[in-house]
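Okay, structure first, notes after.
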Amino acid sequence: MNIIETKNLTKTFQRFQKEPGLKGSMKGLFKRKYLMKSAVSDFTLTVEEGEFIGLIGPNGAGKTTLIKMLTGIIAPSNGEISVAGHYPNKLENSFKRQYAVVMGQKSQLFFELSANDTFLLFKELYNIPEDEYRKNLDYFIALFGVTDILDVQVRTLSLGERMKLELIVALLHNPKILFLDEPTIGLDAVAQKQIRKFLKEVNETKGTTIILTSHYMEDIKSLCKRCVVINEGKKLFDGDTDLLFKKYQTHKKVTVSFVQEDHFTSEIDFIPLEKSPYKTTLLIKKELSQELLKDLLVRYELDDISIEEEDIGNVVERIYNDKSGVSE
Amino acid sequence: MKRNLKFILALIKMKLSHMMVFRLSFFGAFFVDGSLFLIQILTFQAIYSQVDSIGGWSRGEMIIFIGTFSMINALNMVIFFFGVITIPDKIKNGQLDHYITKPVSPLLRLTFENVNPGSIPLLFLSVGIITYGISLLEITVTPLRVIGYIILVLIMTVLWYDIELLLRIIPLFTVSAYNFSRLEDSLLDVSMKIPGVLLKGVFKLILYLVIPYGIMSTFPTQFITNTLSPGWLAYGCGIVILFTYLTGRIWKLGLKYYKSASS
């Protein structure tokens with residue numbers, strides 16, 4: 001059963017275009033020029049109850065705008081939208097009880113108070129019965145292992161600890177849908193891993209439908225069977241996450257630091273990204289990465305080396321350039 | 001209704017807890033607001049000490065006017081002022097998102113989440129001034145008239161809330177509303193010092209109809225001194241109903257226009 005349905009969903013923003021300088025400012029007083037920007041364009045999407053979907057795309061792709069329309073924060077300019085059987089921007093309380101939204105860069109916690117204080121306010125906000133509140137709180141506290149930080153002033157907590165508490169606050173009322181906008185942004189690797197484990201558990205045990213936007217490929221790879229790639233407001237890919245990464249994440253990003261000044265060269269084919277006498281960053285095809293490593297270790301004295309997945313931007317670009325398309 | 005009251009109570013508890021974290025600011029609020037009140041009284045005394053009657057109003061009526069303004073101001077400060085003034089920033093930085101996505105009225109939460117008990121002493125002091133004004137007039141005030149006066153003060157507090165809110169939800173439609181805030185400050189300043197009965201022509205039109213701060217303290221003062229005609233009483237109630245209706249409609253319309261802020 002579909003819990004989210006959109007058809008040709010579009011959001012257009014009007015932007016004031018100001019000419020530079022005082023003259024331009026004065027002109028703008030009397031005659032304004034506006035640019036129309038489509039943040040989301042003809043977006044059709046269906047999500048089944050219990051799915052865990054990744055929404056990926058570069059900055060400004062339209063991910064957050066889409067989430068804001070799905071949660072009713074902003075109204076669509078055009079198209080059809082239904083979330084849990086409601087038109088989100090009608091802002092009905094019966095609809096708002098069915099979802100929760102966590103925005104990585106906007107906290108819902110009261111910074112000067114403890115997390116327990118915020119939990120109590122949310123209990124009243126969602127009118128959660130005492131026994132249900134206790135049960136859910138105990139469950140999430142145990143799952144996350146946050147007993148020690150519940151009575152501490154939120155301001156003094158680390159980013160990772162705060163994000164755990166943000167998620168608990170959001171899930172206290174047992175929402176059917178959880179919208180997560182960059183929940184792991186700025187977190188260290190350990191905290192990211194913990195958050196992922198927690199989300200997986202919530203999705204599997206509580207059957208919560210989760211829509212996740214993230215810049216981190218690892219978030220999407222390890223959590224979402226299905227992912228949707230969005231760029232310039234348009235859907236580029238909608239399908240199996242493994243297929244997406246197999247077909248389009250073809251390179252690895254390698255950063256090498258040298259002990260002494262050196263100029264890296266190699267007969268192996270690579271794409272240089274950054275180059276300085278002591279450091280080189282490059283993209284290399286996955287199948288050539290082992291060969292390159294060998295070459296590096298044999299020919300150079302290395303201070304450090306790191307191998308990462310390539311950026312989301314490259315993947316999107318490749319999908320964009322692939323005329324055949326792979327949407328399922 | 002019961003749920004909303006329960007939620008308001010939770011917000012108040014939350015705010016008190018928040019204030020008590022900063023021990024100095026919790027007690028400081030009493031001190032700061034009390035000092036402001038005293039300065040206000042001294043200013044009024046300096047202006048009006050030399051005259052017994054302005055525009056037919058005697059000193060007693062003038063003192064009731066000042067006391068009534070202080071009372072409405074104190075109610076405003078205690079209940080909603082510190083919540084309402086945060087609205088433009090919340091619209092601009094996208095914090096309103098969190099209010100919109102929760103199953104209680106965003107306006108209810110914004111209105112009551114920053115109550116300020118520091119202004120409660122002002123209420124008692126205002127009652128003292130009003131009582132003193134009544135004693136100067138040597139009039140008999142029946143309990144029924146007192147009840148009517150209290151209701152009128154509460155209605156006028158709602159009017160202040162409506163206007164305050166209207167001027168602060170403008171950023172839902174435009175980029176900046178800074179100049180509207182300056183206009184509000186100027187009109188409030190005038191209304192605090194000059195009773196509505198002294199206003200004429202275009203000033204009366206502005207302060208009685210367009211931004212009706214002029215009637216807020218004037219009408220309750222006239223009511224308790226038995227000089228408010230039934231026509232003006234009906235007008236006062238009508239204008240509050242109109243502004244409350246308009247505020248509700250414009251707020252709802254504004255939410256449709258809300259663009260949030262990029263993250």
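Residues are named by chain letter and number: chains run A, B, ... in the order of the structure tokens, numbers start at 1 in each chain, and ligands are numbered from 1 in the order shown.
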Quick one: everything within 12 Å of Thr142 in chain B, counting only C-alpha atoms, minus sequence neighbours fewer than 3 positions away in the same chain. Send it as a PyMOL selection string.
-> chain B and resi 134+139+145-149+223-226
Identify, on the basis of only C-alpha atoms, every residue whose closest approach to Asn93 in chain A does not exceed 8 Å; exclude the query and any residue fewer than 6 positions from it along the same chain; express the result as a PyMOL selection string.
-> chain B and resi 102-104
For the residues selected in the previous step, produce a file with C-alpha atoms as a short mmCIF file (atom, residue, chain, number, x, y, z; two decimals), in the first residue's frame.
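Contents of the output file selection.cif:
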```
data_model
loop_
_atom_site.label_atom_id
_atom_site.label_comp_id
_atom_site.auth_asym_id
_atom_site.auth_seq_id
_atom_site.Cartn_x
_atom_site.Cartn_y
_atom_site.Cartn_z
CA LYS B 102 3.52 19.78 15.06
CA PRO B 103 -0.10 18.88 15.82
CA VAL B 104 -0.91 22.01 17.79
#
```
Which is closest to chain B among A:Glu232, A:Glu112, A:Asp148, A:Glu267, if we use only C-alpha atoms?
->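 Nearest to chain B: A:Glu112.
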Rank nothing, just name the residue among A:Ile149, A:Val229, A:Ala61, A:Leu9 nearest to chain B, using only C-alpha atoms.
-> A:Ala61
Val315 in chain A environment, 6 Å, only C-alpha atoms, sequence neighbours closer than 2 positions dropped, as a compact mmCIF listing (two decimals) with C-alpha atoms, in the first residue's frame:
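Contents of out.txt, freshly written:
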```
# COMPACT_ATOMS: atom_id res chain seq x y z
CA TYR A 248 27.42 4.81 -11.78
CA GLN A 249 29.86 4.93 -8.90
CA ILE A 312 27.60 12.27 -5.14
CA GLY A 313 28.07 15.02 -7.75
CA GLU A 317 26.63 13.72 -13.53
CA ARG A 318 27.14 10.23 -14.91
```
So that each row is one residue of chain A with an atom at most 10 Å from chain B, can you give its shortest atom pair and the distance in Å to one decimal, using only C-alpha atoms, rows by chain and rising number, as JSON lines?
```
{"residue": "A:Phe13", "atom": "CA", "partner": "B:Lys259", "partner_atom": "CA", "distance": 8.3}
{"residue": "A:Asn59", "atom": "CA", "partner": "B:Ser263", "partner_atom": "CA", "distance": 9.9}
{"residue": "A:Gly60", "atom": "CA", "partner": "B:Ser262", "partner_atom": "CA", "distance": 8.9}
{"residue": "A:Thr64", "atom": "CA", "partner": "B:Ser263", "partner_atom": "CA", "distance": 7.9}
{"residue": "A:Thr65", "atom": "CA", "partner": "B:Ser262", "partner_atom": "CA", "distance": 8.4}
{"residue": "A:Lys68", "atom": "CA", "partner": "B:Asp97", "partner_atom": "CA", "distance": 8.4}
{"residue": "A:Thr71", "atom": "CA", "partner": "B:Thr101", "partner_atom": "CA", "distance": 6.9}
{"residue": "A:Gly72", "atom": "CA", "partner": "B:Thr101", "partner_atom": "CA", "distance": 7.3}
{"residue": "A:Ile73", "atom": "CA", "partner": "B:Asp97", "partner_atom": "CA", "distance": 6.0}
{"residue": "A:Ile74", "atom": "CA", "partner": "B:Lys259", "partner_atom": "CA", "distance": 6.0}
{"residue": "A:Ala75", "atom": "CA", "partner": "B:Lys256", "partner_atom": "CA", "distance": 6.3}
{"residue": "A:Pro76", "atom": "CA", "partner": "B:Lys256", "partner_atom": "CA", "distance": 9.7}
{"residue": "A:Pro88", "atom": "CA", "partner": "B:Thr101", "partner_atom": "CA", "distance": 9.7}
{"residue": "A:Asn89", "atom": "CA", "partner": "B:Lys256", "partner_atom": "CA", "distance": 7.6}
{"residue": "A:Lys90", "atom": "CA", "partner": "B:Lys256", "partner_atom": "CA", "distance": 9.0}
{"residue": "A:Leu91", "atom": "CA", "partner": "B:Ile100", "partner_atom": "CA", "distance": 7.5}
{"residue": "A:Glu92", "atom": "CA", "partner": "B:Pro103", "partner_atom": "CA", "distance": 7.6}
{"residue": "A:Asn93", "atom": "CA", "partner": "B:Pro103", "partner_atom": "CA", "distance": 4.4}
{"residue": "A:Ser94", "atom": "CA", "partner": "B:Pro103", "partner_atom": "CA", "distance": 7.3}
{"residue": "A:Phe95", "atom": "CA", "partner": "B:Pro103", "partner_atom": "CA", "distance": 8.0}
{"residue": "A:Lys96", "atom": "CA", "partner": "B:Pro103", "partner_atom": "CA", "distance": 5.3}
{"residue": "A:Arg97", "atom": "CA", "partner": "B:Pro103", "partner_atom": "CA", "distance": 6.1}
{"residue": "A:Gln98", "atom": "CA", "partner": "B:Pro103", "partner_atom": "CA", "distance": 9.5}
{"residue": "A:Tyr99", "atom": "CA", "partner": "B:Thr101", "partner_atom": "CA", "distance": 8.6}
{"residue": "A:Ala100", "atom": "CA", "partner": "B:Thr101", "partner_atom": "CA", "distance": 7.7}
{"residue": "A:Val101", "atom": "CA", "partner": "B:Thr101", "partner_atom": "CA", "distance": 7.7}
{"residue": "A:Val102", "atom": "CA", "partner": "B:His98", "partner_atom": "CA", "distance": 9.1}
{"residue": "A:Met103", "atom": "CA", "partner": "B:Ser263", "partner_atom": "CA", "distance": 8.6}
{"residue": "A:Gly104", "atom": "CA", "partner": "B:Ser263", "partner_atom": "CA", "distance": 8.9}
{"residue": "A:Gln105", "atom": "CA", "partner": "B:Ser263", "partner_atom": "CA", "distance": 6.7}
{"residue": "A:Lys106", "atom": "CA", "partner": "B:Gln95", "partner_atom": "CA", "distance": 7.2}
{"residue": "A:Ser107", "atom": "CA", "partner": "B:His98", "partner_atom": "CA", "distance": 8.7}
{"residue": "A:Gln108", "atom": "CA", "partner": "B:His98", "partner_atom": "CA", "distance": 7.0}
{"residue": "A:Phe110", "atom": "CA", "partner": "B:His18", "partner_atom": "CA", "distance": 8.8}
{"residue": "A:Phe111", "atom": "CA", "partner": "B:His18", "partner_atom": "CA", "distance": 9.5}
{"residue": "A:Glu112", "atom": "CA", "partner": "B:His18", "partner_atom": "CA", "distance": 6.6}
{"residue": "A:Leu113", "atom": "CA", "partner": "B:His18", "partner_atom": "CA", "distance": 6.4}
{"residue": "A:Ser114", "atom": "CA", "partner": "B:His18", "partner_atom": "CA", "distance": 9.8}
{"residue": "A:Asp117", "atom": "CA", "partner": "B:Met14", "partner_atom": "CA", "distance": 7.2}
{"residue": "A:Thr118", "atom": "CA", "partner": "B:Met14", "partner_atom": "CA", "distance": 8.4}
{"residue": "A:Leu120", "atom": "CA", "partner": "B:Ala10", "partner_atom": "CA", "distance": 8.1}
{"residue": "A:Leu121", "atom": "CA", "partner": "B:Ala10", "partner_atom": "CA", "distance": 6.2}
{"residue": "A:Phe122", "atom": "CA", "partner": "B:Lys102", "partner_atom": "CA", "distance": 9.2}
{"residue": "A:Lys123", "atom": "CA", "partner": "B:Phe7", "partner_atom": "CA", "distance": 9.4}
{"residue": "A:Glu124", "atom": "CA", "partner": "B:Phe7", "partner_atom": "CA", "distance": 5.7}
{"residue": "A:Leu125", "atom": "CA", "partner": "B:Val104", "partner_atom": "CA", "distance": 6.5}
{"residue": "A:Tyr126", "atom": "CA", "partner": "B:Pro103", "partner_atom": "CA", "distance": 6.5}
{"residue": "A:Asn127", "atom": "CA", "partner": "B:Arg3", "partner_atom": "CA", "distance": 7.9}
{"residue": "A:Gln153", "atom": "CA", "partner": "B:Val21", "partner_atom": "CA", "distance": 9.5}
{"residue": "A:Asp181", "atom": "CA", "partner": "B:Ser263", "partner_atom": "CA", "distance": 9.4}
{"residue": "A:Glu182", "atom": "CA", "partner": "B:Ser263", "partner_atom": "CA", "distance": 9.9}
```
Store the residues picked out above, limited to C-alpha atoms, as a compact mmCIF listing (two decimals), in the first residue's frame.
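Generated output (selection12.txt):
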```
# COMPACT_ATOMS: atom_id res chain seq x y z
CA PHE A 13 10.09 30.00 -6.42
CA ASN A 59 23.35 20.77 -3.05
CA GLY A 60 20.37 22.67 -4.43
CA THR A 64 14.82 19.51 0.96
CA THR A 65 12.12 21.29 -1.03
CA LYS A 68 9.09 20.32 2.82
CA THR A 71 5.49 17.47 5.28
CA GLY A 72 3.23 20.40 4.39
CA ILE A 73 5.76 23.08 5.36
CA ILE A 74 5.44 24.63 1.92
CA ALA A 75 2.68 24.37 -0.64
CA PRO A 76 3.35 22.88 -4.09
CA PRO A 88 0.05 17.93 3.45
CA ASN A 89 -0.31 21.72 3.14
CA LYS A 90 -3.82 21.53 4.57
CA LEU A 91 -1.86 21.19 7.80
CA GLU A 92 -4.42 19.00 9.55
CA ASN A 93 -3.40 17.87 13.03
CA SER A 94 -4.54 14.32 12.20
CA PHE A 95 -1.91 14.33 9.44
CA LYS A 96 0.85 15.86 11.55
CA ARG A 97 0.48 13.09 14.12
CA GLN A 98 1.40 10.52 11.47
CA TYR A 99 4.86 11.74 10.65
CA ALA A 100 7.98 13.24 12.15
CA VAL A 101 10.69 15.27 10.55
CA VAL A 102 14.30 15.63 11.63
CA MET A 103 16.40 18.28 9.97
CA GLY A 104 20.10 17.87 10.58
CA GLN A 105 20.69 21.59 10.71
CA LYS A 106 17.61 22.66 12.69
CA SER A 107 17.29 21.37 16.21
CA GLN A 108 14.02 20.71 18.02
CA PHE A 110 15.75 23.16 23.98
CA PHE A 111 19.42 23.93 24.28
CA GLU A 112 19.37 25.42 27.77
CA LEU A 113 17.31 22.59 29.25
CA SER A 114 17.77 18.84 29.44
CA ASP A 117 12.40 18.56 29.46
CA THR A 118 11.99 18.45 25.68
CA LEU A 120 7.91 16.14 28.36
CA LEU A 121 6.87 19.00 26.08
CA PHE A 122 6.57 16.62 23.13
CA LYS A 123 4.46 14.30 25.25
CA GLU A 124 1.96 17.15 25.62
CA LEU A 125 2.39 18.27 22.02
CA TYR A 126 1.39 14.87 20.67
CA ASN A 127 -0.90 14.06 23.59
CA GLN A 153 21.92 20.58 29.54
CA ASP A 181 17.02 15.59 6.11
CA GLU A 182 20.78 15.12 6.41
```
Could you pull out the alpha helix (DSSP H) residues of range 41-83 of chain B from DSSP and send them as an MDAnalysis selection string?
-> chainID B and resid 41:48 59:79 81:83
Selected residues written out with C-alpha atoms, as a PDB file, in the first residue's frame:
```pdb
ATOM      1  CA  ILE B  41       5.484  56.844  35.835  1.00  0.00           C
ATOM      2  CA  LEU B  42       8.065  59.583  36.347  1.00  0.00           C
ATOM      3  CA  THR B  43       7.837  60.559  32.686  1.00  0.00           C
ATOM      4  CA  PHE B  44       4.066  60.801  32.877  1.00  0.00           C
ATOM      5  CA  GLN B  45       4.281  62.777  36.107  1.00  0.00           C
ATOM      6  CA  ALA B  46       6.642  65.274  34.494  1.00  0.00           C
ATOM      7  CA  ILE B  47       4.304  65.778  31.563  1.00  0.00           C
ATOM      8  CA  TYR B  48       1.026  65.984  33.417  1.00  0.00           C
ATOM      9  CA  ARG B  59      -6.163  64.573  36.546  1.00  0.00           C
ATOM     10  CA  GLY B  60      -8.007  61.549  37.953  1.00  0.00           C
ATOM     11  CA  GLU B  61      -9.056  60.364  34.503  1.00  0.00           C
ATOM     12  CA  MET B  62      -5.527  60.912  33.217  1.00  0.00           C
ATOM     13  CA  ILE B  63      -4.109  58.767  36.026  1.00  0.00           C
ATOM     14  CA  ILE B  64      -6.628  56.001  35.321  1.00  0.00           C
ATOM     15  CA  PHE B  65      -5.605  56.260  31.649  1.00  0.00           C
ATOM     16  CA  ILE B  66      -1.940  55.809  32.578  1.00  0.00           C
ATOM     17  CA  GLY B  67      -2.748  52.943  34.949  1.00  0.00           C
ATOM     18  CA  THR B  68      -4.905  51.234  32.332  1.00  0.00           C
ATOM     19  CA  PHE B  69      -2.172  51.514  29.729  1.00  0.00           C
ATOM     20  CA  SER B  70       0.322  50.068  32.188  1.00  0.00           C
ATOM     21  CA  MET B  71      -2.099  47.244  32.964  1.00  0.00           C
ATOM     22  CA  ILE B  72      -2.612  46.311  29.305  1.00  0.00           C
ATOM     23  CA  ASN B  73       1.107  46.672  28.691  1.00  0.00           C
ATOM     24  CA  ALA B  74       1.865  44.399  31.660  1.00  0.00           C
ATOM     25  CA  LEU B  75      -0.609  41.759  30.431  1.00  0.00           C
ATOM     26  CA  ASN B  76       1.000  41.974  27.018  1.00  0.00           C
ATOM     27  CA  MET B  77       4.480  41.572  28.502  1.00  0.00           C
ATOM     28  CA  VAL B  78       3.516  38.717  30.818  1.00  0.00           C
ATOM     29  CA  ILE B  79       1.588  36.654  28.295  1.00  0.00           C
ATOM     30  CA  PHE B  81       4.984  39.918  23.854  1.00  0.00           C
ATOM     31  CA  PHE B  82       8.217  37.913  24.132  1.00  0.00           C
ATOM     32  CA  GLY B  83       6.747  35.097  22.050  1.00  0.00           C
TER      33      GLY B  83
END
```
If you measure from CA of Tyr300 in chain A to CA of His263 in chain A, what distance in Å do you get, rounded to one decimal?
-> 9.7 Å
Could you tell me which of A:Thr280, A:Thr147, A:Ser306, A:Asn231 comes closest to Ile56 in chain A if we count only C-alpha atoms?
->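 Using only C-alpha atoms, Ile56 in chain A sits closest to A:Asn231.
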Using DSSP on the backbone, list every residue of range 51-147 of chain A that comes out as strand (DSSP E), and give them as a list of chain:residue names.
->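 Here is the list: A:Phe52, A:Ile53, A:Gly54, A:Leu55, A:Ile56, A:Asn78, A:Gly79, A:Glu80, A:Ile81, A:Ser82, A:Val83, A:Tyr99, A:Ala100, A:Val101, A:Val102, A:Met103.
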Based on the selection just made, write all heavy atoms of those residues as a short mmCIF file (atom, residue, chain, number, x, y, z; two decimals), in the first residue's frame.
```cif
data_model
loop_
_atom_site.label_atom_id
_atom_site.label_comp_id
_atom_site.auth_asym_id
_atom_site.auth_seq_id
_atom_site.Cartn_x
_atom_site.Cartn_y
_atom_site.Cartn_z
N PHE A 52 12.31 2.02 3.12
CA PHE A 52 13.38 2.92 3.57
C PHE A 52 14.03 3.46 2.30
O PHE A 52 14.75 2.75 1.62
CB PHE A 52 14.39 2.13 4.41
CG PHE A 52 15.27 2.98 5.28
CD1 PHE A 52 15.61 2.55 6.57
CD2 PHE A 52 15.75 4.20 4.85
CE1 PHE A 52 16.41 3.33 7.39
CE2 PHE A 52 16.54 4.99 5.67
CZ PHE A 52 16.88 4.55 6.93
N ILE A 53 13.74 4.71 2.00
CA ILE A 53 14.17 5.26 0.70
C ILE A 53 15.22 6.35 0.87
O ILE A 53 15.10 7.20 1.76
CB ILE A 53 12.93 5.83 -0.03
CG1 ILE A 53 12.11 4.68 -0.57
CG2 ILE A 53 13.33 6.76 -1.16
CD1 ILE A 53 11.13 5.08 -1.61
N GLY A 54 16.22 6.29 0.04
CA GLY A 54 17.25 7.32 0.07
C GLY A 54 16.99 8.33 -1.03
O GLY A 54 16.64 7.98 -2.16
N LEU A 55 17.13 9.59 -0.67
CA LEU A 55 16.93 10.66 -1.64
C LEU A 55 18.28 11.34 -1.79
O LEU A 55 18.76 11.95 -0.83
CB LEU A 55 15.89 11.62 -1.05
CG LEU A 55 15.07 12.50 -1.97
CD1 LEU A 55 14.33 11.68 -3.00
CD2 LEU A 55 14.08 13.29 -1.14
N ILE A 56 18.90 11.17 -2.95
CA ILE A 56 20.24 11.75 -3.06
C ILE A 56 20.34 12.72 -4.23
O ILE A 56 19.62 12.63 -5.22
CB ILE A 56 21.35 10.67 -3.17
CG1 ILE A 56 21.05 9.65 -4.26
CG2 ILE A 56 21.57 10.00 -1.86
CD1 ILE A 56 22.16 8.61 -4.42
N ASN A 78 2.28 23.15 -8.26
CA ASN A 78 1.48 22.36 -9.20
C ASN A 78 1.60 20.88 -8.89
O ASN A 78 2.52 20.47 -8.20
CB ASN A 78 2.02 22.58 -10.61
CG ASN A 78 1.04 23.36 -11.45
OD1 ASN A 78 -0.15 23.08 -11.44
ND2 ASN A 78 1.57 24.36 -12.15
N GLY A 79 0.71 20.10 -9.45
CA GLY A 79 0.81 18.65 -9.32
C GLY A 79 -0.02 18.09 -8.18
O GLY A 79 -0.70 18.83 -7.47
N GLU A 80 0.04 16.77 -8.06
CA GLU A 80 -0.76 16.09 -7.04
C GLU A 80 0.15 15.54 -5.94
O GLU A 80 1.27 15.10 -6.23
CB GLU A 80 -1.53 14.94 -7.67
CG GLU A 80 -2.60 15.41 -8.65
CD GLU A 80 -3.17 14.26 -9.47
OE1 GLU A 80 -3.09 13.10 -9.01
OE2 GLU A 80 -3.66 14.53 -10.57
N ILE A 81 -0.36 15.54 -4.73
CA ILE A 81 0.44 15.01 -3.62
C ILE A 81 -0.50 14.42 -2.57
O ILE A 81 -1.54 15.00 -2.24
CB ILE A 81 1.34 16.12 -3.02
CG1 ILE A 81 2.21 15.58 -1.88
CG2 ILE A 81 0.55 17.33 -2.54
CD1 ILE A 81 3.33 16.53 -1.46
N SER A 82 -0.13 13.26 -2.08
CA SER A 82 -0.90 12.62 -1.01
C SER A 82 0.07 11.90 -0.09
O SER A 82 0.88 11.09 -0.52
CB SER A 82 -1.89 11.62 -1.62
OG SER A 82 -2.42 10.81 -0.59
N VAL A 83 0.02 12.26 1.19
CA VAL A 83 0.89 11.61 2.17
C VAL A 83 -0.01 11.08 3.29
O VAL A 83 -0.75 11.85 3.91
CB VAL A 83 1.93 12.60 2.74
CG1 VAL A 83 2.83 11.91 3.76
CG2 VAL A 83 2.77 13.20 1.63
N TYR A 99 3.47 11.70 11.10
CA TYR A 99 4.86 11.74 10.65
C TYR A 99 5.73 12.52 11.63
O TYR A 99 5.23 13.18 12.54
CB TYR A 99 4.96 12.36 9.25
CG TYR A 99 4.79 13.86 9.21
CD1 TYR A 99 5.86 14.71 9.41
CD2 TYR A 99 3.55 14.44 8.97
CE1 TYR A 99 5.71 16.08 9.38
CE2 TYR A 99 3.38 15.80 8.95
CZ TYR A 99 4.47 16.63 9.15
OH TYR A 99 4.32 17.98 9.14
N ALA A 100 7.03 12.42 11.39
CA ALA A 100 7.98 13.24 12.15
C ALA A 100 9.06 13.67 11.17
O ALA A 100 9.30 12.99 10.17
CB ALA A 100 8.60 12.44 13.28
N VAL A 101 9.63 14.80 11.44
CA VAL A 101 10.69 15.27 10.55
C VAL A 101 11.90 15.69 11.39
O VAL A 101 11.75 16.35 12.41
CB VAL A 101 10.18 16.41 9.62
CG1 VAL A 101 9.66 17.61 10.38
CG2 VAL A 101 11.25 16.85 8.63
N VAL A 102 13.06 15.24 10.96
CA VAL A 102 14.30 15.63 11.63
C VAL A 102 15.19 16.32 10.60
O VAL A 102 15.50 15.74 9.56
CB VAL A 102 15.04 14.39 12.21
CG1 VAL A 102 16.40 14.79 12.77
CG2 VAL A 102 14.20 13.74 13.29
N MET A 103 15.53 17.55 10.90
CA MET A 103 16.40 18.28 9.97
C MET A 103 17.76 18.43 10.64
O MET A 103 17.85 19.02 11.72
CB MET A 103 15.80 19.63 9.66
CG MET A 103 14.48 19.52 8.92
SD MET A 103 13.74 21.10 8.60
CE MET A 103 12.07 20.82 9.13
#
```
